[in-house]
Each structure stands twice: as structure tokens, then as C-alpha cells.
$ cat structure10.pdb   # PDB, C-alpha atoms, pLDDT in the B column
ATOM      1  CA  MET P   1     -19.445  25.607-141.909  1.00 64.00           C
ATOM      2  CA  SER P   2     -15.821  26.332-142.696  1.00 51.00           C
ATOM      3  CA  VAL P   3     -13.786  28.227-140.152  1.00 64.00           C
ATOM      4  CA  ARG P   4     -10.098  28.828-140.677  1.00 54.00           C
ATOM      5  CA  THR P   5      -8.080  27.999-137.600  1.00 53.00           C
ATOM      6  CA  THR P   6      -4.502  27.803-138.808  1.00 55.00           C
ATOM      7  CA  GLY P   7      -2.471  30.499-137.102  1.00 60.00           C
ATOM      8  CA  ALA P   8      -5.549  32.359-135.886  1.00 72.00           C
ATOM      9  CA  SER P   9      -5.652  33.886-132.439  1.00 92.00           C
ATOM     10  CA  ARG P  10      -8.524  32.879-130.195  1.00 94.00           C
ATOM     11  CA  ALA P  11     -10.233  36.223-130.872  1.00 96.00           C
ATOM     12  CA  GLU P  12      -9.881  35.682-134.639  1.00 97.00           C
ATOM     13  CA  LEU P  13     -11.185  32.134-134.327  1.00 97.00           C
ATOM     14  CA  ILE P  14     -14.214  33.328-132.373  1.00 98.00           C
ATOM     15  CA  ALA P  15     -14.883  36.180-134.792  1.00 98.00           C
ATOM     16  CA  ASP P  16     -14.428  33.945-137.857  1.00 97.00           C
ATOM     17  CA  THR P  17     -16.773  31.387-136.345  1.00 98.00           C
ATOM     18  CA  ALA P  18     -19.329  34.109-135.608  1.00 98.00           C
ATOM     19  CA  LEU P  19     -19.159  35.217-139.240  1.00 98.00           C
ATOM     20  CA  ALA P  20     -19.582  31.643-140.456  1.00 98.00           C
ATOM     21  CA  LEU P  21     -22.593  31.164-138.185  1.00 98.00           C
ATOM     22  CA  LEU P  22     -24.147  34.403-139.401  1.00 98.00           C
ATOM     23  CA  ALA P  23     -23.759  33.257-143.001  1.00 97.00           C
ATOM     24  CA  GLU P  24     -25.056  29.768-142.307  1.00 97.00           C
ATOM     25  CA  ARG P  25     -27.808  30.344-139.735  1.00 97.00           C
ATOM     26  CA  GLY P  26     -28.561  34.049-139.766  1.00 97.00           C
ATOM     27  CA  MET P  27     -28.682  36.377-136.796  1.00 97.00           C
ATOM     28  CA  ARG P  28     -30.849  34.058-134.712  1.00 96.00           C
ATOM     29  CA  GLY P  29     -28.260  31.296-135.026  1.00 97.00           C
ATOM     30  CA  LEU P  30     -25.491  33.412-133.520  1.00 98.00           C
ATOM     31  CA  THR P  31     -25.110  32.704-129.829  1.00 98.00           C
ATOM     32  CA  HIS P  32     -22.119  32.511-127.548  1.00 98.00           C
ATOM     33  CA  ARG P  33     -22.761  28.813-127.045  1.00 98.00           C
ATOM     34  CA  ALA P  34     -23.085  28.152-130.783  1.00 98.00           C
ATOM     35  CA  VAL P  35     -19.739  29.884-131.401  1.00 98.00           C
ATOM     36  CA  ASP P  36     -18.057  27.786-128.699  1.00 98.00           C
ATOM     37  CA  GLU P  37     -19.454  24.573-130.196  1.00 98.00           C
ATOM     38  CA  ALA P  38     -18.670  25.411-133.809  1.00 98.00           C
ATOM     39  CA  ALA P  39     -15.149  26.613-132.959  1.00 97.00           C
ATOM     40  CA  GLY P  40     -14.450  23.555-130.812  1.00 97.00           C
ATOM     41  CA  LEU P  41     -13.794  25.710-127.759  1.00 97.00           C
ATOM     42  CA  PRO P  42     -14.680  25.015-124.156  1.00 97.00           C
ATOM     43  CA  GLN P  43     -18.065  26.343-123.119  1.00 97.00           C
ATOM     44  CA  GLY P  44     -17.773  29.943-121.945  1.00 97.00           C
ATOM     45  CA  SER P  45     -14.786  30.827-124.144  1.00 97.00           C
ATOM     46  CA  THR P  46     -16.748  33.201-126.360  1.00 98.00           C
ATOM     47  CA  SER P  47     -18.488  34.758-123.394  1.00 97.00           C
ATOM     48  CA  ASN P  48     -15.129  35.274-121.724  1.00 97.00           C
ATOM     49  CA  LEU P  49     -13.897  37.281-124.738  1.00 96.00           C
ATOM     50  CA  ALA P  50     -17.156  39.040-125.643  1.00 97.00           C
ATOM     51  CA  ARG P  51     -19.423  39.256-122.597  1.00 97.00           C
ATOM     52  CA  THR P  52     -22.512  40.606-124.334  1.00 97.00           C
ATOM     53  CA  ARG P  53     -24.209  39.958-127.643  1.00 97.00           C
ATOM     54  CA  LEU P  54     -23.289  43.484-128.715  1.00 97.00           C
ATOM     55  CA  ALA P  55     -19.621  42.798-127.911  1.00 97.00           C
ATOM     56  CA  LEU P  56     -19.779  39.627-130.019  1.00 98.00           C
ATOM     57  CA  LEU P  57     -21.372  41.525-132.894  1.00 98.00           C
ATOM     58  CA  GLU P  58     -18.732  44.261-132.646  1.00 97.00           C
ATOM     59  CA  LEU P  59     -15.994  41.628-132.762  1.00 97.00           C
ATOM     60  CA  ALA P  60     -17.628  40.133-135.861  1.00 98.00           C
ATOM     61  CA  VAL P  61     -17.898  43.555-137.544  1.00 97.00           C
ATOM     62  CA  ARG P  62     -14.210  44.321-136.950  1.00 95.00           C
ATOM     63  CA  ARG P  63     -13.130  40.930-138.256  1.00 97.00           C
ATOM     64  CA  LEU P  64     -15.434  41.237-141.248  1.00 96.00           C
ATOM     65  CA  ALA P  65     -13.801  44.556-142.168  1.00 93.00           C
ATOM     66  CA  ASP P  66     -10.327  43.031-141.857  1.00 93.00           C
ATOM     67  CA  ARG P  67     -11.178  40.029-143.994  1.00 93.00           C
ATOM     68  CA  GLU P  68     -13.082  42.036-146.594  1.00 90.00           C
ATOM     69  CA  ALA P  69     -10.141  44.434-146.888  1.00 87.00           C
ATOM     70  CA  ARG P  70      -8.062  41.501-148.113  1.00 86.00           C
ATOM     71  CA  VAL P  71     -10.806  40.341-150.479  1.00 83.00           C
ATOM     72  CA  LEU P  72     -11.468  43.765-151.971  1.00 80.00           C
ATOM     73  CA  ALA P  73      -7.751  44.531-152.094  1.00 78.00           C
ATOM     74  CA  LEU P  74      -8.228  48.273-152.414  1.00 74.00           C
ATOM     75  CA  HIS P  75      -4.449  48.622-152.346  1.00 75.00           C
ATOM     76  CA  GLU P  76      -4.466  46.838-155.724  1.00 79.00           C
ATOM     77  CA  MET P  77      -6.921  49.275-157.288  1.00 79.00           C
ATOM     78  CA  PRO P  78      -5.586  51.150-160.288  1.00 81.00           C
ATOM     79  CA  THR P  79      -4.140  54.606-160.029  1.00 82.00           C
ATOM     80  CA  PRO P  80      -6.103  57.531-161.488  1.00 82.00           C
ATOM     81  CA  GLU P  81      -3.627  57.624-164.364  1.00 85.00           C
ATOM     82  CA  GLU P  82      -4.713  54.127-165.432  1.00 87.00           C
ATOM     83  CA  GLY P  83      -8.181  55.479-166.211  1.00 83.00           C
ATOM     84  CA  LEU P  84     -11.790  54.649-165.672  1.00 84.00           C
ATOM     85  CA  GLY P  85     -11.649  51.356-167.549  1.00 88.00           C
ATOM     86  CA  ALA P  86      -8.996  50.028-165.191  1.00 87.00           C
ATOM     87  CA  LEU P  87     -11.082  51.119-162.196  1.00 82.00           C
ATOM     88  CA  VAL P  88     -14.138  49.337-163.578  1.00 85.00           C
ATOM     89  CA  ASP P  89     -12.067  46.182-164.138  1.00 89.00           C
ATOM     90  CA  GLY P  90     -10.627  46.370-160.611  1.00 85.00           C
ATOM     91  CA  LEU P  91     -14.038  46.823-159.027  1.00 84.00           C
ATOM     92  CA  ALA P  92     -15.501  44.012-161.119  1.00 88.00           C
ATOM     93  CA  LEU P  93     -12.738  41.680-159.947  1.00 87.00           C
ATOM     94  CA  ALA P  94     -13.273  42.681-156.306  1.00 84.00           C
ATOM     95  CA  THR P  95     -17.029  42.136-156.655  1.00 85.00           C
ATOM     96  CA  HIS P  96     -16.471  38.751-158.283  1.00 87.00           C
ATOM     97  CA  ARG P  97     -14.170  37.655-155.441  1.00 84.00           C
ATOM     98  CA  SER P  98     -16.771  38.815-152.904  1.00 83.00           C
ATOM     99  CA  LEU P  99     -19.635  36.936-154.504  1.00 86.00           C
ATOM    100  CA  THR P 100     -17.840  33.711-155.381  1.00 87.00           C
ATOM    101  CA  ARG P 101     -14.914  32.677-153.206  1.00 85.00           C
ATOM    102  CA  ASN P 102     -16.039  34.841-150.273  1.00 89.00           C
ATOM    103  CA  ARG P 103     -19.793  34.386-150.358  1.00 91.00           C
ATOM    104  CA  GLU P 104     -19.830  33.694-146.620  1.00 94.00           C
ATOM    105  CA  LEU P 105     -18.466  37.163-145.865  1.00 94.00           C
ATOM    106  CA  THR P 106     -21.065  38.775-148.104  1.00 92.00           C
ATOM    107  CA  LEU P 107     -23.888  36.931-146.346  1.00 95.00           C
ATOM    108  CA  ALA P 108     -22.486  37.811-142.917  1.00 97.00           C
ATOM    109  CA  ARG P 109     -22.177  41.475-143.954  1.00 94.00           C
ATOM    110  CA  TYR P 110     -25.839  41.557-144.970  1.00 95.00           C
ATOM    111  CA  GLU P 111     -26.880  39.994-141.662  1.00 97.00           C
ATOM    112  CA  LEU P 112     -24.823  42.544-139.732  1.00 97.00           C
ATOM    113  CA  ALA P 113     -26.103  45.431-141.866  1.00 96.00           C
ATOM    114  CA  LEU P 114     -29.695  44.434-141.183  1.00 97.00           C
ATOM    115  CA  GLU P 115     -29.025  44.121-137.470  1.00 97.00           C
ATOM    116  CA  ALA P 116     -27.310  47.514-137.490  1.00 96.00           C
ATOM    117  CA  THR P 117     -30.531  49.096-138.786  1.00 96.00           C
ATOM    118  CA  ARG P 118     -32.213  47.994-135.560  1.00 95.00           C
ATOM    119  CA  ARG P 119     -29.352  48.654-133.155  1.00 95.00           C
ATOM    120  CA  PRO P 120     -27.879  52.160-133.285  1.00 95.00           C
ATOM    121  CA  GLU P 121     -24.967  51.117-131.075  1.00 95.00           C
ATOM    122  CA  LEU P 122     -23.997  48.478-133.641  1.00 96.00           C
ATOM    123  CA  ARG P 123     -24.602  50.913-136.523  1.00 95.00           C
ATOM    124  CA  GLN P 124     -21.787  53.104-135.163  1.00 94.00           C
ATOM    125  CA  HIS P 125     -19.321  50.219-135.324  1.00 93.00           C
ATOM    126  CA  PHE P 126     -20.590  49.030-138.697  1.00 92.00           C
ATOM    127  CA  ASP P 127     -20.281  52.511-140.226  1.00 93.00           C
ATOM    128  CA  ALA P 128     -16.846  53.084-138.708  1.00 92.00           C
ATOM    129  CA  ALA P 129     -15.586  49.768-140.087  1.00 91.00           C
ATOM    130  CA  GLY P 130     -16.894  50.636-143.548  1.00 88.00           C
ATOM    131  CA  ALA P 131     -15.427  54.149-143.478  1.00 90.00           C
ATOM    132  CA  ARG P 132     -12.001  52.944-144.553  1.00 84.00           C
ATOM    133  CA  PHE P 133     -13.462  51.521-147.756  1.00 86.00           C
ATOM    134  CA  ARG P 134     -15.578  54.598-148.452  1.00 89.00           C
ATOM    135  CA  ASN P 135     -12.675  56.948-147.723  1.00 90.00           C
ATOM    136  CA  GLN P 136     -10.295  55.106-150.064  1.00 87.00           C
ATOM    137  CA  LEU P 137     -12.847  54.967-152.852  1.00 86.00           C
ATOM    138  CA  THR P 138     -13.770  58.626-152.335  1.00 91.00           C
ATOM    139  CA  ALA P 139     -10.118  59.599-152.678  1.00 89.00           C
ATOM    140  CA  LEU P 140      -9.765  57.452-155.790  1.00 86.00           C
ATOM    141  CA  VAL P 141     -12.846  58.790-157.587  1.00 87.00           C
ATOM    142  CA  THR P 142     -11.870  62.343-156.576  1.00 91.00           C
ATOM    143  CA  ALA P 143      -8.453  61.866-158.154  1.00 89.00           C
ATOM    144  CA  MET P 144     -10.141  60.469-161.260  1.00 87.00           C
ATOM    145  CA  GLY P 145     -12.138  63.682-161.634  1.00 90.00           C
ATOM    146  CA  SER P 146     -15.521  62.790-160.161  1.00 91.00           C
ATOM    147  CA  THR P 147     -17.881  65.742-159.946  1.00 94.00           C
ATOM    148  CA  ASP P 148     -19.589  64.252-156.872  1.00 95.00           C
ATOM    149  CA  PRO P 149     -17.051  61.958-155.142  1.00 93.00           C
ATOM    150  CA  ALA P 150     -19.094  61.251-152.011  1.00 92.00           C
ATOM    151  CA  ARG P 151     -22.118  60.121-154.027  1.00 93.00           C
ATOM    152  CA  HIS P 152     -20.051  58.153-156.518  1.00 90.00           C
ATOM    153  CA  ALA P 153     -18.076  56.366-153.789  1.00 88.00           C
ATOM    154  CA  LEU P 154     -21.306  55.513-151.980  1.00 86.00           C
ATOM    155  CA  SER P 155     -22.723  54.086-155.200  1.00 87.00           C
ATOM    156  CA  LEU P 156     -19.612  51.956-155.657  1.00 81.00           C
ATOM    157  CA  VAL P 157     -19.744  50.675-152.104  1.00 78.00           C
TER     158      VAL P 157
END
$ encode --input "structure10.pdb" --output "C-alpha cells"
Amino acid sequence: MSVRTTGASRAELIADTALALLAERGMRGLTHRAVDEAAGLPQGSTSNLARTRLALLELAVRRLADREARVLALHEMPTPEEGLGALVDGLALATHRSLTRNRELTLARYELALEATRRPELRQHFDAAGARFRNQLTALVTAMGSTDPARHALSLV
């Protein structure tokens, strides 16, 4: 398991470790104690920051959205004037980065998405975190002339 620690706050370290555990062990492998051990923190550190399992999952969802925002780099997406081909190229590059160098985040996202189907309280956080991606893509495909921007953005996501 690889967890980045350089310059990370304790909350970021805990959230990054939770994401790494989700990718490596799945939802059943994510416990407060496992995060403490994997992050090299004193026992109880994770519980002190995120008292409940739901709080730990929410922390992981927020961190996942932050890290994926950097991977997907929506701010680097082409402008509508650059055309559909440029958009396709930009999305292909973002997808490639997600599936290769950031595989761990993709696996963690799937684990969290599955858990969110069973926990409505987590679904709210998961959907809210993803809204920034959907909103940006909806605006982009709208500007590019999409006849059904909501559907097209959802398909892209």
C-alpha cells in the first residue's frame, strides 16, 4: 500500500490511507484500527478524527473528490471553440490517467460507490462530491452545443 505523507495534514494522511485500504482490501478491510496501523499513527488517531464509520467514509469521499479533481484536471479541458475532437482527446487523457497512474483512486471510488448504494447517508456525500465534475462537464457540453447536456454529461462521467 502506498500512502503519500509528505506535507499532508493528519486528516489528509488518514483519508489517503483509508483510500489505499479501500483499494487494497475492499470495504471490509477499512477499519479505524487498520487506518491507524497503515498510516503509522498511534491507536485511536483515526477514531479521534472520524468517530464513526460513516464519518470515516465521508472523509474518504471528500479526499477522493479532491485527488480525482487533480487527476481529471477539468480545468485543462479544451474550450468549446477547440471542438469535439479536442474534448474527446482531453477525456481520453483523463481516463488514461485514472486507469493507469491512479488505479488506486479508481478502485476506491468503486468501493465507495457500491457502499453508497446501501447507505443513503453516504450516497448524499458521494453525489455531492461528484456534482462538481458533473456540473463542469454539463457546462462544457452545453457550450459545445449538446442537445441533451444532462444526459451527455452523465454518460461522460
$ atom_distance --input "structure10.pdb" --atom1 "CA of Leu21 (chain P)" --atom2 "CA of Ala94 (chain P)"
23.4 Å
$ residues_around --input "structure10.pdb" --residues "region 11-15 of chain P" --least-positions-apart "3" --cutoff "6 Å" --atoms "only C-alpha atoms" --output "list in words"
Ala8, Ala18, Leu59 and Ala60 of chain P
$ residues_around --input "structure10.pdb" --residues "Gly90 (chain P)" --least-positions-apart "5" --cutoff "12 Å" --atoms "only C-alpha atoms" --output "PyMOL selection string"
chain P and resi 71-79+82-85+95-97+137+156
$ residues_near_point --input "structure10.pdb" --point "(-20.4, 32.7, -142.5)" --cutoff "7 Å" --atoms "all atoms listed in the file" --output "MDAnalysis selection string"
chainID P and resid 19:24 104:105 107:108
$ residues_around --input "structure10.pdb" --residues "Ala65 (chain P)" --least-positions-apart "4" --cutoff "7 Å" --atoms "only C-alpha atoms" --output "list in words"
Val61, Ala69, Ala129 and Gly130 of chain P
$ atom_distance --input "structure10.pdb" --atom1 "CA of Thr138 (chain P)" --atom2 "CA of Ala153 (chain P)"
5.1 Å
$ atom_distance --input "structure10.pdb" --atom1 "CA of Ala39 (chain P)" --atom2 "CA of Ala116 (chain P)"
24.6 Å
$ closest_residue --input "structure10.pdb" --among "P:Met27, P:Leu87, P:Asn48, P:Thr17" --to "Tyr110 (chain P)" --atoms "all atoms listed in the file"
P:Met27
$ residues_around --input "structure10.pdb" --residues "Ser45 (chain P)" --least-positions-apart "5" --cutoff "9 Å" --atoms "only C-alpha atoms" --output "tab-separated table (two decimals) with C-alpha atoms, in the coordinates of the input"
chain	number	residue	atom	x	y	z
P	10	ARG	CA	-8.52	32.88	-130.20
P	14	ILE	CA	-14.21	33.33	-132.37
P	32	HIS	CA	-22.12	32.51	-127.55
P	33	ARG	CA	-22.76	28.81	-127.04
P	35	VAL	CA	-19.74	29.88	-131.40
P	36	ASP	CA	-18.06	27.79	-128.70
P	50	ALA	CA	-17.16	39.04	-125.64
$ axis_aligned_box --input "structure10.pdb" --around "region 114-126 of chain P" --padding-each-side "8 Å" --output "AutoDock Vina command-line options"
--center_x -25.8 --center_y 48.6 --center_z -136.1 --size_x 28.9 --size_y 25.0 --size_z 26.1
$ closest_residue --input "structure10.pdb" --among "P:Arg109, P:Arg119, P:Arg151, P:Arg103" --to "Arg63 (chain P)" --atoms "all atoms listed in the file"
P:Arg109
$ resolve_selection --input "structure10.pdb" --expression "the PyMOL selection byres ((chain P and resi 126) around 10)" --output "PyMOL selection string"
chain P and resi 57-58+60-62+64-65+109+112-113+115-117+120-125+127-131
$ build_atoms --input "structure10.pdb" --residues "region 48-62 of chain P" --atoms "N, CA, C and O atoms" --output "PDB file, in the coordinates of the input"
ATOM      1  N   ASN P  48     -16.283  34.715-122.424  1.00 97.00           N
ATOM      2  CA  ASN P  48     -15.129  35.274-121.724  1.00 97.00           C
ATOM      3  C   ASN P  48     -14.495  36.404-122.534  1.00 97.00           C
ATOM      4  O   ASN P  48     -14.018  37.398-121.982  1.00 97.00           O
ATOM      5  N   LEU P  49     -14.492  36.272-123.860  1.00 96.00           N
ATOM      6  CA  LEU P  49     -13.897  37.281-124.738  1.00 96.00           C
ATOM      7  C   LEU P  49     -14.881  38.415-125.032  1.00 96.00           C
ATOM      8  O   LEU P  49     -14.508  39.580-125.042  1.00 96.00           O
ATOM      9  N   ALA P  50     -16.121  38.058-125.287  1.00 97.00           N
ATOM     10  CA  ALA P  50     -17.156  39.040-125.643  1.00 97.00           C
ATOM     11  C   ALA P  50     -18.356  38.784-124.737  1.00 97.00           C
ATOM     12  O   ALA P  50     -19.191  37.928-125.034  1.00 97.00           O
ATOM     13  N   ARG P  51     -18.414  39.503-123.633  1.00 97.00           N
ATOM     14  CA  ARG P  51     -19.423  39.256-122.597  1.00 97.00           C
ATOM     15  C   ARG P  51     -20.866  39.362-123.081  1.00 97.00           C
ATOM     16  O   ARG P  51     -21.707  38.569-122.695  1.00 97.00           O
ATOM     17  N   THR P  52     -21.137  40.355-123.906  1.00 97.00           N
ATOM     18  CA  THR P  52     -22.512  40.606-124.334  1.00 97.00           C
ATOM     19  C   THR P  52     -22.679  40.261-125.810  1.00 97.00           C
ATOM     20  O   THR P  52     -21.700  40.108-126.548  1.00 97.00           O
ATOM     21  N   ARG P  53     -23.928  40.201-126.220  1.00 97.00           N
ATOM     22  CA  ARG P  53     -24.209  39.958-127.643  1.00 97.00           C
ATOM     23  C   ARG P  53     -23.658  41.110-128.474  1.00 97.00           C
ATOM     24  O   ARG P  53     -23.087  40.885-129.544  1.00 97.00           O
ATOM     25  N   LEU P  54     -23.814  42.343-127.986  1.00 97.00           N
ATOM     26  CA  LEU P  54     -23.289  43.484-128.715  1.00 97.00           C
ATOM     27  C   LEU P  54     -21.780  43.373-128.872  1.00 97.00           C
ATOM     28  O   LEU P  54     -21.243  43.630-129.950  1.00 97.00           O
ATOM     29  N   ALA P  55     -21.078  42.958-127.831  1.00 97.00           N
ATOM     30  CA  ALA P  55     -19.621  42.798-127.911  1.00 97.00           C
ATOM     31  C   ALA P  55     -19.251  41.731-128.947  1.00 97.00           C
ATOM     32  O   ALA P  55     -18.278  41.894-129.692  1.00 97.00           O
ATOM     33  N   LEU P  56     -20.029  40.676-129.015  1.00 98.00           N
ATOM     34  CA  LEU P  56     -19.779  39.627-130.019  1.00 98.00           C
ATOM     35  C   LEU P  56     -20.031  40.168-131.429  1.00 98.00           C
ATOM     36  O   LEU P  56     -19.239  39.916-132.349  1.00 98.00           O
ATOM     37  N   LEU P  57     -21.076  40.935-131.590  1.00 98.00           N
ATOM     38  CA  LEU P  57     -21.372  41.525-132.894  1.00 98.00           C
ATOM     39  C   LEU P  57     -20.293  42.526-133.302  1.00 98.00           C
ATOM     40  O   LEU P  57     -19.890  42.576-134.461  1.00 98.00           O
ATOM     41  N   GLU P  58     -19.808  43.314-132.360  1.00 97.00           N
ATOM     42  CA  GLU P  58     -18.732  44.261-132.646  1.00 97.00           C
ATOM     43  C   GLU P  58     -17.459  43.532-133.078  1.00 97.00           C
ATOM     44  O   GLU P  58     -16.779  43.956-134.016  1.00 97.00           O
ATOM     45  N   LEU P  59     -17.151  42.445-132.401  1.00 97.00           N
ATOM     46  CA  LEU P  59     -15.994  41.628-132.762  1.00 97.00           C
ATOM     47  C   LEU P  59     -16.156  41.097-134.189  1.00 97.00           C
ATOM     48  O   LEU P  59     -15.211  41.121-134.983  1.00 97.00           O
ATOM     49  N   ALA P  60     -17.356  40.652-134.512  1.00 98.00           N
ATOM     50  CA  ALA P  60     -17.628  40.133-135.861  1.00 98.00           C
ATOM     51  C   ALA P  60     -17.497  41.244-136.908  1.00 98.00           C
ATOM     52  O   ALA P  60     -16.922  41.015-137.977  1.00 98.00           O
ATOM     53  N   VAL P  61     -17.981  42.433-136.598  1.00 97.00           N
ATOM     54  CA  VAL P  61     -17.898  43.555-137.544  1.00 97.00           C
ATOM     55  C   VAL P  61     -16.434  43.915-137.815  1.00 97.00           C
ATOM     56  O   VAL P  61     -16.039  44.109-138.969  1.00 97.00           O
ATOM     57  N   ARG P  62     -15.633  43.987-136.763  1.00 95.00           N
ATOM     58  CA  ARG P  62     -14.210  44.321-136.950  1.00 95.00           C
ATOM     59  C   ARG P  62     -13.502  43.262-137.789  1.00 95.00           C
ATOM     60  O   ARG P  62     -12.723  43.572-138.691  1.00 95.00           O
TER      61      ARG P  62
END
